[in-house]
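Peer 1: Below is a structure I'd like to ask you about.
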Amino acid sequence: MAVRPGEDGKHVTFCRICEAFCGLVANVENGRITSIEPDRDNPHSQGHVCVKGVSFDKVVHDPDRVLRPLKRTGGPGEFSPVEWGEALDDIATRLGTIIERDGSEAVAFYLGNPSSYATDAVLAHGGFMKAIGSGKGYSPGSQDSNARVTANFALFGTAMLNAFPDLPRCDFLLVFGANPLVSNGSILFAPRLRHDLDAIAARGRVVVVDPRRTETARRYEHLAIRPNGDVWLLLAMLKSLFENDLVDRAAVMTHADGLAAIEEELRTVDMMLAAERAGIDADDIRELARAFAAAGAAAAYGRVGICRGPFATLTNCLVTILNIVTGNFGSRPGGTVFGHRVMAGQERGRFGGHGESASRIGGIPSVARFHAGAVMADDMLEPGEGQVKAFMLTAGNPLLSAPGGTRLAEALEQLELFVSFDLYVNETARYADYVLPVPTFFEREDVPFMGMNILIRPFLQYSDAVLPPQGDSRHEHEIWREIIERMGLVWPSRGENGPSGKPGLDHVDRLLRSGPVGEDALGADGWSLQRLVEFPHGVLVDTTDPTTEPWWERLGHPEKRVQLYHPMIAAEFARLREEWAEPPELALIGKRDIRSINSWMHNVEGLVRSQKPVLTVHPDDAERIGLGEGDEARLASDVGELLVRIAISDEVRQGTLCYPHGWGHGGGWTRANAAPGDNINLLLGQGPEAVEFVSGTTLMDGIPVTLERVESSTKAPERQTATQG
């Protein structure tokens, strides 16, 4: 018999830090998690887990964790405990006053990554915004995935229909700007990625295109490219394919429109010039294109590294176009597929499209119902109709993850109401009127809901909570509903009153039961949450091979065809010709560490003690500037400057600088505040001019910077953090 939440024993569960959803076993003694180990009986992750997952008990039982509602009583970061009833009464009253006076668009929300993988938090959050009639949302998407989502919308007609490599059958994987051995597969539901990539490399090739020789690139083949040069590499590859008659025209014409227009665009591309702009020899590009086309089962995949530059949407479109014109899309095993379906409603995007609304500042189109983070501060500061007066922040820290932390701090400080739902008083929550404690994922019953539309190997799991909510923390759906009730509004029903009585999960249960592997379709052999309880380690399920299905029926375009030259894509081709600029002498890119997840696990001693955020500089650049290992240097952009420590390595190509994000702590967490490093996002621009307009993407990678040595006699400026201002 399974142990109940909080009982001593081994609790089978799964991680919800990222979309890998690795299986875990949590050992509980005397109401506390004493250790965490990988679940070797989980048929999907098979014992794989990263260091963050097995360290998460340190978050659950962190002395700095918020376990009682806090009310601000003075300056930023000054809080006192408050009773739930008092806090919720005040929040409801102030929200009601703001909405009655200024309308519902005066209320904005922010949904951060830590809640994105918690089913009840995501669904309840949407229910609250629907109840008050506000659609003004922000998220980390414009710092992470908006370009990919916008490309989906242009090509497929729906924003959240993601295509990804058929890893088990792929023979040639071409990776653009991704580091899957560290990210655990962003927008991939494949926890054993190293095993998948090793198998592909054994059958054929794994080639990683990146300005940095990442952990993934070190293990396989590396093609060092200039920052933001991917768009030119892809154009040159496509041009070579057309010139050498390596395009599978029959496959393209069956399910896609716009091939002739793409071919016409490529005629304007000068091969040698494109190669120079990519920083890769033209002959190497031709050979790469030929090998990709000849592989037979090839897939190109891109992630964050091609999602944060000035032509990010076009780059992401070109990755998919490369897959399509070589016949490696939809119907070819080992190519790029839409994935297995396990729930009803996955045929069409259910999370919004593109341009359904526009930002009040700059008129930037929304993407999947969220607005560009680069204009969030202006939306709070600029007077006028729709000015944000109340801000509801769920599991986010935009002062460290979004651009322009100092201006955002100013904006947060003048809000009439700011409420943060979080585990910590982080750098952003310091400015809140209330910080409300919520459970960690070990205190939630859940399914890997956000991964169920990106399944390479169809997998299902249900996990009960390991512990009851700690301290006085409450689930988001309880908090939102109580606020709505106090405001005299009606909570929108989404079928929560189902057989399990679990808000949010009953909605998922209905989608699962009525889907292709559900009990409505398969009877006793079908799946429901009730049946999943009997399989605590999860199950791999049988579904139709997506390459044999009419995958085009899942497209959102009325004609059910991929649009290779959608007007949005045509406009981006024109903008590339008009606005492309010569690369800077020094360009800054980001870096991911397996021990970090943005900014929110830096209070765990075992994770941060070996992390030393430094600026990686190529030896030739270091020699030219006069820098040595460990020196202090001034790193500056057009909008700010930081003092950084130098690490010299040829893992970055000449002209490329690399620094991790999520540092520069100054919140209510002791260990994180003591960690070295600075907030690199203070160097980013802010406002409409600092984004790729079509996707709202913040320009974060390849930004021009200068670097100079700080002489030992020079007094260093005070360390900058996002809490200044």
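Just so we're on the same page: first chain in the structure tokens is A, next is B, and so on; residues restart at 1 for each chain, and ligands are numbered from 1 in the order they show up.
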Per residue of range 539-640 of chain A within 12 Å of range 317-340 of chain A, note the shortest atom pair and the distance in Å to one decimal, counting only C-alpha atoms, and order the rows by chain and increasing residue number, as JSON lines.
Peer 2:
```
{"residue": "A:Leu540", "atom": "CA", "partner": "A:His340", "partner_atom": "CA", "distance": 11.5}
{"residue": "A:Val541", "atom": "CA", "partner": "A:His340", "partner_atom": "CA", "distance": 9.9}
{"residue": "A:Asp542", "atom": "CA", "partner": "A:His340", "partner_atom": "CA", "distance": 9.4}
{"residue": "A:Thr543", "atom": "CA", "partner": "A:His340", "partner_atom": "CA", "distance": 6.7}
{"residue": "A:Thr544", "atom": "CA", "partner": "A:His340", "partner_atom": "CA", "distance": 7.2}
{"residue": "A:Asp545", "atom": "CA", "partner": "A:His340", "partner_atom": "CA", "distance": 7.0}
{"residue": "A:Pro546", "atom": "CA", "partner": "A:His340", "partner_atom": "CA", "distance": 5.7}
{"residue": "A:Thr547", "atom": "CA", "partner": "A:Ser331", "partner_atom": "CA", "distance": 4.2}
{"residue": "A:Thr548", "atom": "CA", "partner": "A:Ser331", "partner_atom": "CA", "distance": 6.3}
{"residue": "A:Glu549", "atom": "CA", "partner": "A:Ser331", "partner_atom": "CA", "distance": 7.9}
{"residue": "A:Pro550", "atom": "CA", "partner": "A:Ser331", "partner_atom": "CA", "distance": 8.6}
{"residue": "A:Trp551", "atom": "CA", "partner": "A:Gly330", "partner_atom": "CA", "distance": 6.5}
{"residue": "A:Trp552", "atom": "CA", "partner": "A:Gly330", "partner_atom": "CA", "distance": 8.0}
{"residue": "A:Glu553", "atom": "CA", "partner": "A:Phe338", "partner_atom": "CA", "distance": 11.2}
{"residue": "A:Arg554", "atom": "CA", "partner": "A:Phe338", "partner_atom": "CA", "distance": 8.7}
{"residue": "A:Leu555", "atom": "CA", "partner": "A:Phe338", "partner_atom": "CA", "distance": 10.1}
{"residue": "A:Arg561", "atom": "CA", "partner": "A:Gly330", "partner_atom": "CA", "distance": 11.7}
{"residue": "A:Val562", "atom": "CA", "partner": "A:Ile324", "partner_atom": "CA", "distance": 9.4}
{"residue": "A:Gln563", "atom": "CA", "partner": "A:Ile321", "partner_atom": "CA", "distance": 9.8}
{"residue": "A:Leu564", "atom": "CA", "partner": "A:Ile321", "partner_atom": "CA", "distance": 6.8}
{"residue": "A:Tyr565", "atom": "CA", "partner": "A:Cys317", "partner_atom": "CA", "distance": 9.6}
{"residue": "A:His566", "atom": "CA", "partner": "A:Cys317", "partner_atom": "CA", "distance": 10.2}
{"residue": "A:Met568", "atom": "CA", "partner": "A:Cys317", "partner_atom": "CA", "distance": 10.3}
{"residue": "A:Ile569", "atom": "CA", "partner": "A:Cys317", "partner_atom": "CA", "distance": 7.6}
{"residue": "A:Ala570", "atom": "CA", "partner": "A:Cys317", "partner_atom": "CA", "distance": 10.9}
{"residue": "A:Glu572", "atom": "CA", "partner": "A:Cys317", "partner_atom": "CA", "distance": 10.0}
{"residue": "A:Phe573", "atom": "CA", "partner": "A:Leu318", "partner_atom": "CA", "distance": 10.6}
```
Peer 1: Where does DSSP see strand (DSSP E or B) in range 293-435 of chain A, if you list the residues as number ranges by chain?
Peer 2: A: 298-302, 329, 336-337, 340, 354-358, 365-367, 370-371, 390-394, 417-422, 434-435
Peer 1: Given the selection you just returned, output its residues as a file containing N, CA, C and O atoms, formatted as a compact mmCIF listing (two decimals), in the first residue's frame.
Peer 2:
```txt
# COMPACT_ATOMS: atom_id res chain seq x y z
N ALA A 298 16.96 12.59 -40.48
CA ALA A 298 17.67 13.71 -39.87
C ALA A 298 16.68 14.69 -39.25
O ALA A 298 15.53 14.78 -39.68
N ALA A 299 17.14 15.40 -38.26
CA ALA A 299 16.29 16.40 -37.60
C ALA A 299 17.15 17.56 -37.14
O ALA A 299 18.23 17.37 -36.57
N ALA A 300 16.67 18.77 -37.37
CA ALA A 300 17.28 19.99 -36.85
C ALA A 300 16.44 20.48 -35.68
O ALA A 300 15.21 20.49 -35.75
N TYR A 301 17.11 20.88 -34.61
CA TYR A 301 16.45 21.27 -33.36
C TYR A 301 17.15 22.51 -32.82
O TYR A 301 18.39 22.58 -32.81
N GLY A 302 16.39 23.49 -32.38
CA GLY A 302 16.97 24.70 -31.82
C GLY A 302 16.25 25.12 -30.55
O GLY A 302 15.08 24.81 -30.35
N PHE A 329 10.10 15.80 -42.09
CA PHE A 329 9.07 16.43 -41.27
C PHE A 329 7.76 15.66 -41.38
O PHE A 329 7.32 15.31 -42.48
N THR A 336 11.44 15.17 -37.84
CA THR A 336 10.80 16.05 -36.87
C THR A 336 9.31 15.79 -36.88
O THR A 336 8.69 15.76 -37.95
N VAL A 337 8.73 15.59 -35.70
CA VAL A 337 7.33 15.17 -35.59
C VAL A 337 6.60 16.04 -34.57
O VAL A 337 7.23 16.74 -33.77
N HIS A 340 3.39 12.14 -29.92
CA HIS A 340 2.26 11.29 -29.58
C HIS A 340 1.22 12.08 -28.80
O HIS A 340 1.54 12.92 -27.97
N HIS A 354 -1.18 34.40 -31.71
CA HIS A 354 -0.25 35.52 -31.86
C HIS A 354 -1.06 36.76 -32.21
O HIS A 354 -1.95 36.73 -33.05
N GLY A 355 -0.76 37.86 -31.52
CA GLY A 355 -1.39 39.13 -31.83
C GLY A 355 -2.85 39.23 -31.45
O GLY A 355 -3.57 40.07 -32.00
N GLU A 356 -3.30 38.40 -30.51
CA GLU A 356 -4.69 38.52 -30.06
C GLU A 356 -4.91 39.83 -29.30
O GLU A 356 -6.03 40.30 -29.19
N SER A 357 -3.84 40.37 -28.78
CA SER A 357 -3.86 41.71 -28.19
C SER A 357 -2.48 42.30 -28.42
O SER A 357 -1.58 41.63 -28.93
N ALA A 358 -2.31 43.56 -28.04
CA ALA A 358 -1.01 44.22 -28.20
C ALA A 358 -0.68 44.96 -26.92
O ALA A 358 -1.56 45.37 -26.16
N PRO A 365 2.80 42.75 -30.43
CA PRO A 365 1.77 41.71 -30.38
C PRO A 365 2.00 40.72 -29.24
O PRO A 365 3.14 40.38 -28.91
N SER A 366 0.89 40.27 -28.65
CA SER A 366 1.00 39.23 -27.63
C SER A 366 1.37 37.91 -28.28
O SER A 366 1.10 37.67 -29.46
N VAL A 367 1.99 37.05 -27.51
CA VAL A 367 2.39 35.72 -27.97
C VAL A 367 1.88 34.71 -26.95
O VAL A 367 2.24 34.77 -25.78
N PHE A 370 0.60 36.21 -23.79
CA PHE A 370 1.48 36.95 -22.89
C PHE A 370 2.12 38.12 -23.62
O PHE A 370 2.37 38.05 -24.83
N HIS A 371 2.42 39.19 -22.87
CA HIS A 371 3.04 40.38 -23.44
C HIS A 371 4.55 40.38 -23.22
O HIS A 371 5.08 39.63 -22.40
N ALA A 390 -2.12 47.11 -10.25
CA ALA A 390 -2.00 45.94 -9.38
C ALA A 390 -1.27 44.84 -10.14
O ALA A 390 -1.50 44.62 -11.32
N PHE A 391 -0.37 44.15 -9.44
CA PHE A 391 0.48 43.15 -10.07
C PHE A 391 0.45 41.89 -9.22
O PHE A 391 0.72 41.93 -8.02
N MET A 392 0.11 40.76 -9.86
CA MET A 392 0.02 39.48 -9.18
C MET A 392 1.12 38.57 -9.74
O MET A 392 1.07 38.16 -10.90
N LEU A 393 2.11 38.28 -8.92
CA LEU A 393 3.31 37.56 -9.35
C LEU A 393 3.31 36.15 -8.79
O LEU A 393 3.28 35.96 -7.57
N THR A 394 3.30 35.15 -9.67
CA THR A 394 3.32 33.76 -9.25
C THR A 394 4.65 33.13 -9.63
O THR A 394 4.95 32.96 -10.81
N LEU A 417 -0.92 47.92 -5.56
CA LEU A 417 -1.00 46.60 -4.95
C LEU A 417 -0.06 45.66 -5.68
O LEU A 417 -0.08 45.57 -6.91
N PHE A 418 0.76 44.98 -4.93
CA PHE A 418 1.68 43.99 -5.49
C PHE A 418 1.65 42.78 -4.57
O PHE A 418 1.99 42.88 -3.38
N VAL A 419 1.25 41.62 -5.12
CA VAL A 419 1.16 40.38 -4.35
C VAL A 419 2.04 39.33 -5.01
O VAL A 419 1.95 39.10 -6.22
N SER A 420 2.88 38.69 -4.22
CA SER A 420 3.77 37.65 -4.72
C SER A 420 3.41 36.32 -4.08
O SER A 420 3.29 36.21 -2.86
N PHE A 421 3.21 35.30 -4.92
CA PHE A 421 3.02 33.92 -4.46
C PHE A 421 4.37 33.22 -4.63
O PHE A 421 4.79 32.98 -5.76
N ASP A 422 5.03 32.83 -3.56
CA ASP A 422 6.38 32.31 -3.74
C ASP A 422 6.83 31.53 -2.52
O ASP A 422 6.20 31.56 -1.45
N TYR A 434 2.33 41.98 -0.19
CA TYR A 434 2.13 40.70 0.48
C TYR A 434 2.95 39.63 -0.23
O TYR A 434 3.02 39.61 -1.46
N VAL A 435 3.56 38.75 0.55
CA VAL A 435 4.17 37.53 0.03
C VAL A 435 3.39 36.37 0.63
O VAL A 435 3.35 36.21 1.87
```
Peer 1: Could you write out, as a tab-separated table (two decimals) with C-alpha atoms, in the first residue's frame, all the residues of range 43-289 of chain A that DSSP marks as helix (DSSP H, G or I)?
Peer 2:
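As written to disk, result-v3.tsv reads:
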```
chain	number	residue	atom	x	y	z
A	53	GLY	CA	16.12	17.07	-8.38
A	54	VAL	CA	17.93	15.12	-5.67
A	55	SER	CA	18.73	18.37	-3.82
A	57	ASP	CA	14.60	18.61	-0.05
A	58	LYS	CA	16.90	21.51	0.82
A	59	VAL	CA	14.31	23.85	-0.72
A	60	VAL	CA	11.38	22.17	1.03
A	84	TRP	CA	-4.54	34.69	6.06
A	85	GLY	CA	-7.95	36.25	6.60
A	86	GLU	CA	-6.54	39.74	7.09
A	87	ALA	CA	-4.29	39.43	4.05
A	88	LEU	CA	-6.98	38.10	1.72
A	89	ASP	CA	-9.57	40.64	2.89
A	90	ASP	CA	-7.18	43.51	2.19
A	91	ILE	CA	-6.06	42.13	-1.20
A	92	ALA	CA	-9.67	41.58	-2.32
A	93	THR	CA	-10.76	45.05	-1.21
A	94	ARG	CA	-7.86	46.81	-2.92
A	95	LEU	CA	-8.23	44.76	-6.09
A	96	GLY	CA	-11.94	45.52	-6.23
A	97	THR	CA	-11.28	49.24	-5.83
A	98	ILE	CA	-8.68	49.28	-8.61
A	99	ILE	CA	-10.87	47.31	-11.04
A	100	GLU	CA	-13.97	49.45	-10.33
A	101	ARG	CA	-12.00	52.66	-10.87
A	102	ASP	CA	-9.58	51.71	-13.67
A	104	SER	CA	-9.64	44.96	-15.21
A	105	GLU	CA	-6.68	45.76	-17.51
A	106	ALA	CA	-5.17	47.71	-14.61
A	113	ASN	CA	8.81	28.93	-14.51
A	114	PRO	CA	8.59	27.24	-11.08
A	115	SER	CA	4.79	27.14	-11.37
A	116	SER	CA	4.70	26.28	-15.07
A	119	THR	CA	-0.88	21.64	-12.97
A	120	ASP	CA	-3.11	23.12	-10.29
A	121	ALA	CA	-1.11	26.36	-10.14
A	122	VAL	CA	-1.28	26.95	-13.91
A	123	LEU	CA	-4.98	26.17	-14.27
A	124	ALA	CA	-6.02	28.08	-11.14
A	125	HIS	CA	-4.01	31.10	-12.24
A	126	GLY	CA	-5.95	31.18	-15.50
A	127	GLY	CA	-9.20	30.82	-13.62
A	128	PHE	CA	-8.47	33.87	-11.49
A	129	MET	CA	-7.64	36.10	-14.44
A	130	LYS	CA	-10.77	34.94	-16.26
A	131	ALA	CA	-12.86	35.66	-13.17
A	132	ILE	CA	-11.68	39.29	-12.95
A	140	PRO	CA	9.61	34.52	-18.92
A	141	GLY	CA	8.56	33.54	-22.45
A	142	SER	CA	9.89	36.74	-24.00
A	143	GLN	CA	13.29	35.90	-22.51
A	146	ASN	CA	8.58	33.56	-27.80
A	147	ALA	CA	10.47	33.34	-31.09
A	148	ARG	CA	9.91	29.59	-31.26
A	149	VAL	CA	6.21	30.01	-30.45
A	150	THR	CA	5.81	32.81	-33.00
A	151	ALA	CA	7.47	30.65	-35.66
A	152	ASN	CA	5.01	27.87	-34.79
A	153	PHE	CA	2.12	30.26	-35.33
A	154	ALA	CA	3.39	31.41	-38.71
A	155	LEU	CA	4.21	27.94	-40.01
A	156	PHE	CA	1.51	25.83	-38.36
A	167	LEU	CA	15.06	10.88	-31.15
A	168	PRO	CA	14.68	7.08	-31.01
A	169	ARG	CA	14.82	6.80	-34.82
A	180	PRO	CA	20.43	19.45	-23.94
A	181	LEU	CA	22.91	17.68	-21.67
A	182	VAL	CA	22.52	20.64	-19.30
A	183	SER	CA	18.98	21.80	-20.03
A	193	LEU	CA	18.78	12.64	-23.42
A	194	ARG	CA	22.42	11.63	-23.10
A	195	HIS	CA	21.46	8.05	-23.92
A	196	ASP	CA	19.36	9.22	-26.87
A	197	LEU	CA	22.14	11.42	-28.23
A	198	ASP	CA	24.78	8.75	-27.70
A	199	ALA	CA	22.64	6.31	-29.68
A	200	ILE	CA	22.18	8.82	-32.51
A	201	ALA	CA	25.92	9.51	-32.60
A	202	ALA	CA	26.60	5.76	-32.74
A	203	ARG	CA	24.22	5.40	-35.70
A	215	GLU	CA	28.87	20.38	-22.54
A	216	THR	CA	26.84	18.85	-25.38
A	217	ALA	CA	29.22	20.12	-28.05
A	218	ARG	CA	32.20	18.65	-26.20
A	219	ARG	CA	30.67	15.19	-26.28
A	230	ASP	CA	22.59	31.00	-37.23
A	231	VAL	CA	20.19	32.78	-39.57
A	232	TRP	CA	22.99	33.08	-42.14
A	233	LEU	CA	24.15	29.49	-41.71
A	234	LEU	CA	20.60	28.26	-42.29
A	235	LEU	CA	20.13	30.47	-45.34
A	236	ALA	CA	23.42	29.23	-46.79
A	237	MET	CA	22.49	25.59	-46.09
A	238	LEU	CA	19.10	26.02	-47.74
A	239	LYS	CA	20.64	27.78	-50.73
A	240	SER	CA	23.08	24.91	-51.16
A	241	LEU	CA	20.25	22.38	-51.01
A	242	PHE	CA	18.33	24.14	-53.77
A	243	GLU	CA	21.42	24.68	-55.92
A	249	ARG	CA	9.94	18.81	-53.62
A	250	ALA	CA	7.31	16.07	-53.68
A	251	ALA	CA	7.26	15.85	-49.88
A	252	VAL	CA	7.08	19.62	-49.55
A	253	MET	CA	4.31	20.14	-52.08
A	254	THR	CA	2.11	17.48	-50.46
A	255	HIS	CA	1.55	19.42	-47.24
A	259	LEU	CA	8.22	26.71	-51.60
A	260	ALA	CA	8.67	28.85	-54.72
A	261	ALA	CA	8.73	32.03	-52.63
A	262	ILE	CA	11.38	30.58	-50.31
A	263	GLU	CA	13.45	29.56	-53.33
A	264	GLU	CA	13.15	33.09	-54.70
A	265	GLU	CA	14.34	34.56	-51.38
A	266	LEU	CA	17.34	32.25	-51.42
A	267	ARG	CA	18.39	33.48	-54.86
A	271	MET	CA	26.78	32.20	-50.36
A	272	MET	CA	30.19	33.61	-49.52
A	273	LEU	CA	28.74	36.62	-47.74
A	274	ALA	CA	26.38	34.42	-45.71
A	275	ALA	CA	29.28	32.17	-44.74
A	276	GLU	CA	31.32	35.18	-43.64
A	277	ARG	CA	28.44	36.49	-41.54
A	278	ALA	CA	27.99	33.07	-39.94
A	282	ALA	CA	31.35	28.05	-47.18
A	283	ASP	CA	32.63	24.59	-48.10
A	284	ASP	CA	31.88	23.36	-44.58
A	285	ILE	CA	28.34	24.71	-44.90
A	286	ARG	CA	27.84	22.94	-48.25
A	287	GLU	CA	29.11	19.67	-46.77
A	288	LEU	CA	26.85	20.01	-43.74
A	289	ALA	CA	23.83	20.61	-45.97
```
Peer 1: Can you tell me how far CA of Ala402 in chain A sits from CA of Gly606 in chain A, in Å to one decimal?
Peer 2: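 These two atoms are separated by 26.1 Å.
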Peer 1: Residues at most 8 Å from range 608-611 of chain A, counting only C-alpha atoms, excluding those fewer than 4 positions away in the same chain, as a list of chain:residue names?
Peer 2: A:Arg595, A:His602, A:Asn603, A:Val604, A:Ala672, A:Ala675
Peer 1: Out of A:Ala178, A:Ile456, A:Thr214, A:Ile597, which residue has the shortest atom-to-atom distance to Arg16 in chain A when counting only C-alpha atoms?
Peer 2: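 Distance minimum relative to Arg16 in chain A lands on A:Ile597.
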Peer 1: Quote the spacing between CA of Ile17 in chain A and CA of Gln530 in chain A in Å to one decimal place.
Peer 2: 24.7 Å
Peer 1: Report as a ChimeraX atom specification all protein, DNA and RNA residues lying within 6 Å of Ala465 in chain A, evaluated on only C-alpha atoms, omitting residues in the same chain fewer than 3 positions from it.
Peer 2: /A:5,442-445
Peer 1: Please measure the separation of CA of Thr315 in chain A and CA of Ile225 in chain A, giving the value in Å to one decimal.
Peer 2: 13.8 Å
Peer 1: Give me the residues near Phe79 in chain A as an mmCIF file with N, CA and C atoms, in the first residue's frame, where near means some atom within 9 Å (using only C-alpha atoms) and where sequence neighbours in that chain fewer than 3 positions away do not count.
Peer 2:
```cif
data_model
loop_
_atom_site.group_PDB
_atom_site.id
_atom_site.type_symbol
_atom_site.label_atom_id
_atom_site.label_comp_id
_atom_site.auth_asym_id
_atom_site.auth_seq_id
_atom_site.Cartn_x
_atom_site.Cartn_y
_atom_site.Cartn_z
ATOM 1 N N LEU A 70 3.095 37.101 4.656
ATOM 2 C CA LEU A 70 3.865 38.259 5.095
ATOM 3 C C LEU A 70 3.256 39.530 4.534
ATOM 4 N N LYS A 71 3.212 40.564 5.350
ATOM 5 C CA LYS A 71 2.711 41.873 4.941
ATOM 6 C C LYS A 71 3.850 42.880 5.065
ATOM 7 N N ARG A 72 3.996 43.681 4.040
ATOM 8 C CA ARG A 72 5.063 44.679 4.078
ATOM 9 C C ARG A 72 4.717 45.762 5.084
ATOM 10 N N THR A 73 5.719 46.090 5.904
ATOM 11 C CA THR A 73 5.494 47.059 6.975
ATOM 12 C C THR A 73 6.428 48.252 6.906
ATOM 13 N N GLY A 74 7.326 48.278 5.932
ATOM 14 C CA GLY A 74 8.272 49.384 5.815
ATOM 15 C C GLY A 74 8.822 49.452 4.415
ATOM 16 N N GLY A 75 10.134 49.586 4.307
ATOM 17 C CA GLY A 75 10.778 49.645 3.003
ATOM 18 C C GLY A 75 10.834 48.277 2.349
ATOM 19 N N PRO A 76 11.410 48.194 1.149
ATOM 20 C CA PRO A 76 11.531 46.908 0.466
ATOM 21 C C PRO A 76 12.213 45.864 1.344
ATOM 22 N N ARG A 430 10.661 41.422 -2.697
ATOM 23 C CA ARG A 430 10.991 42.432 -1.685
ATOM 24 C C ARG A 430 10.088 43.652 -1.800
ATOM 25 N N ASP A 433 3.543 44.027 -1.507
ATOM 26 C CA ASP A 433 2.762 44.360 -0.318
ATOM 27 C C ASP A 433 2.500 43.112 0.510
ATOM 28 N N TYR A 434 2.327 41.983 -0.190
ATOM 29 C CA TYR A 434 2.127 40.704 0.483
ATOM 30 C C TYR A 434 2.949 39.631 -0.226
ATOM 31 N N VAL A 435 3.560 38.747 0.551
ATOM 32 C CA VAL A 435 4.167 37.533 0.029
ATOM 33 C C VAL A 435 3.391 36.371 0.635
#
```
Peer 1: What's the 7 Å shell around Gly518 in chain A, counting only C-alpha atoms, without same-chain residues fewer than 5 positions away, as a short mmCIF file (atom, residue, chain, number, x, y, z; two decimals) with all heavy atoms, in the first residue's frame?
Peer 2:
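File part-v3.cif, as written:
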```
data_model
loop_
_atom_site.label_atom_id
_atom_site.label_comp_id
_atom_site.auth_asym_id
_atom_site.auth_seq_id
_atom_site.Cartn_x
_atom_site.Cartn_y
_atom_site.Cartn_z
N LEU A 512 -7.79 13.38 -20.31
CA LEU A 512 -7.14 12.08 -20.48
C LEU A 512 -8.17 11.00 -20.82
O LEU A 512 -7.98 10.22 -21.76
CB LEU A 512 -6.38 11.71 -19.20
CG LEU A 512 -5.70 10.34 -19.18
CD1 LEU A 512 -4.71 10.20 -20.32
CD2 LEU A 512 -5.01 10.12 -17.83
N ARG A 513 -9.26 10.96 -20.06
CA ARG A 513 -10.27 9.92 -20.29
C ARG A 513 -10.88 10.01 -21.68
O ARG A 513 -11.21 8.99 -22.29
CB ARG A 513 -11.36 10.00 -19.22
CG ARG A 513 -10.94 9.45 -17.87
CD ARG A 513 -12.07 9.39 -16.87
NE ARG A 513 -12.47 10.71 -16.41
CZ ARG A 513 -13.57 11.36 -16.78
NH1 ARG A 513 -14.40 10.81 -17.66
NH2 ARG A 513 -13.85 12.55 -16.29
N GLY A 526 -8.24 1.56 -21.21
CA GLY A 526 -7.92 2.98 -21.31
C GLY A 526 -7.49 3.55 -19.97
O GLY A 526 -7.57 2.90 -18.92
N TRP A 527 -7.05 4.80 -20.03
CA TRP A 527 -6.44 5.41 -18.86
C TRP A 527 -7.27 6.53 -18.28
O TRP A 527 -8.00 7.23 -18.97
CB TRP A 527 -5.04 5.93 -19.22
CG TRP A 527 -4.11 4.80 -19.53
CD1 TRP A 527 -3.79 4.30 -20.75
CD2 TRP A 527 -3.44 3.97 -18.58
NE1 TRP A 527 -2.96 3.23 -20.64
CE2 TRP A 527 -2.72 3.00 -19.30
CE3 TRP A 527 -3.38 3.96 -17.18
CZ2 TRP A 527 -1.94 2.03 -18.68
CZ3 TRP A 527 -2.59 3.00 -16.57
CH2 TRP A 527 -1.89 2.03 -17.31
N SER A 528 -7.15 6.67 -16.97
CA SER A 528 -7.74 7.75 -16.19
C SER A 528 -6.82 7.99 -15.01
O SER A 528 -5.93 7.16 -14.73
CB SER A 528 -9.14 7.36 -15.69
OG SER A 528 -9.03 6.26 -14.79
#
```
Peer 1: Mind checking which residues fall within 8 Å of Phe449 in chain A, counting only C-alpha atoms, ignoring those fewer than 3 positions away in the same chain, and posting them as a count of residues only?
Peer 2: 6
Peer 1: Using only C-alpha atoms, which of A:Glu534, A:Glu632, A:Glu579, A:Glu559 sits nearest Gly157 in chain A?
Peer 2: A:Glu559
Peer 1: Considering only C-alpha atoms, can you say which of A:Gly667, A:Leu529, A:Ser145, A:Val208 comes closest to Ala432 in chain A?
Peer 2: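 Going through A:Gly667, A:Leu529, A:Ser145, A:Val208 one by one, the smallest distance to Ala432 in chain A is for A:Gly667.
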Peer 1: Quick one: of A:Gln686, A:Asn426, A:Asn679, A:Thr313, who's nearest to Glu641 in chain A, counting only C-alpha atoms?
Peer 2: A:Asn679
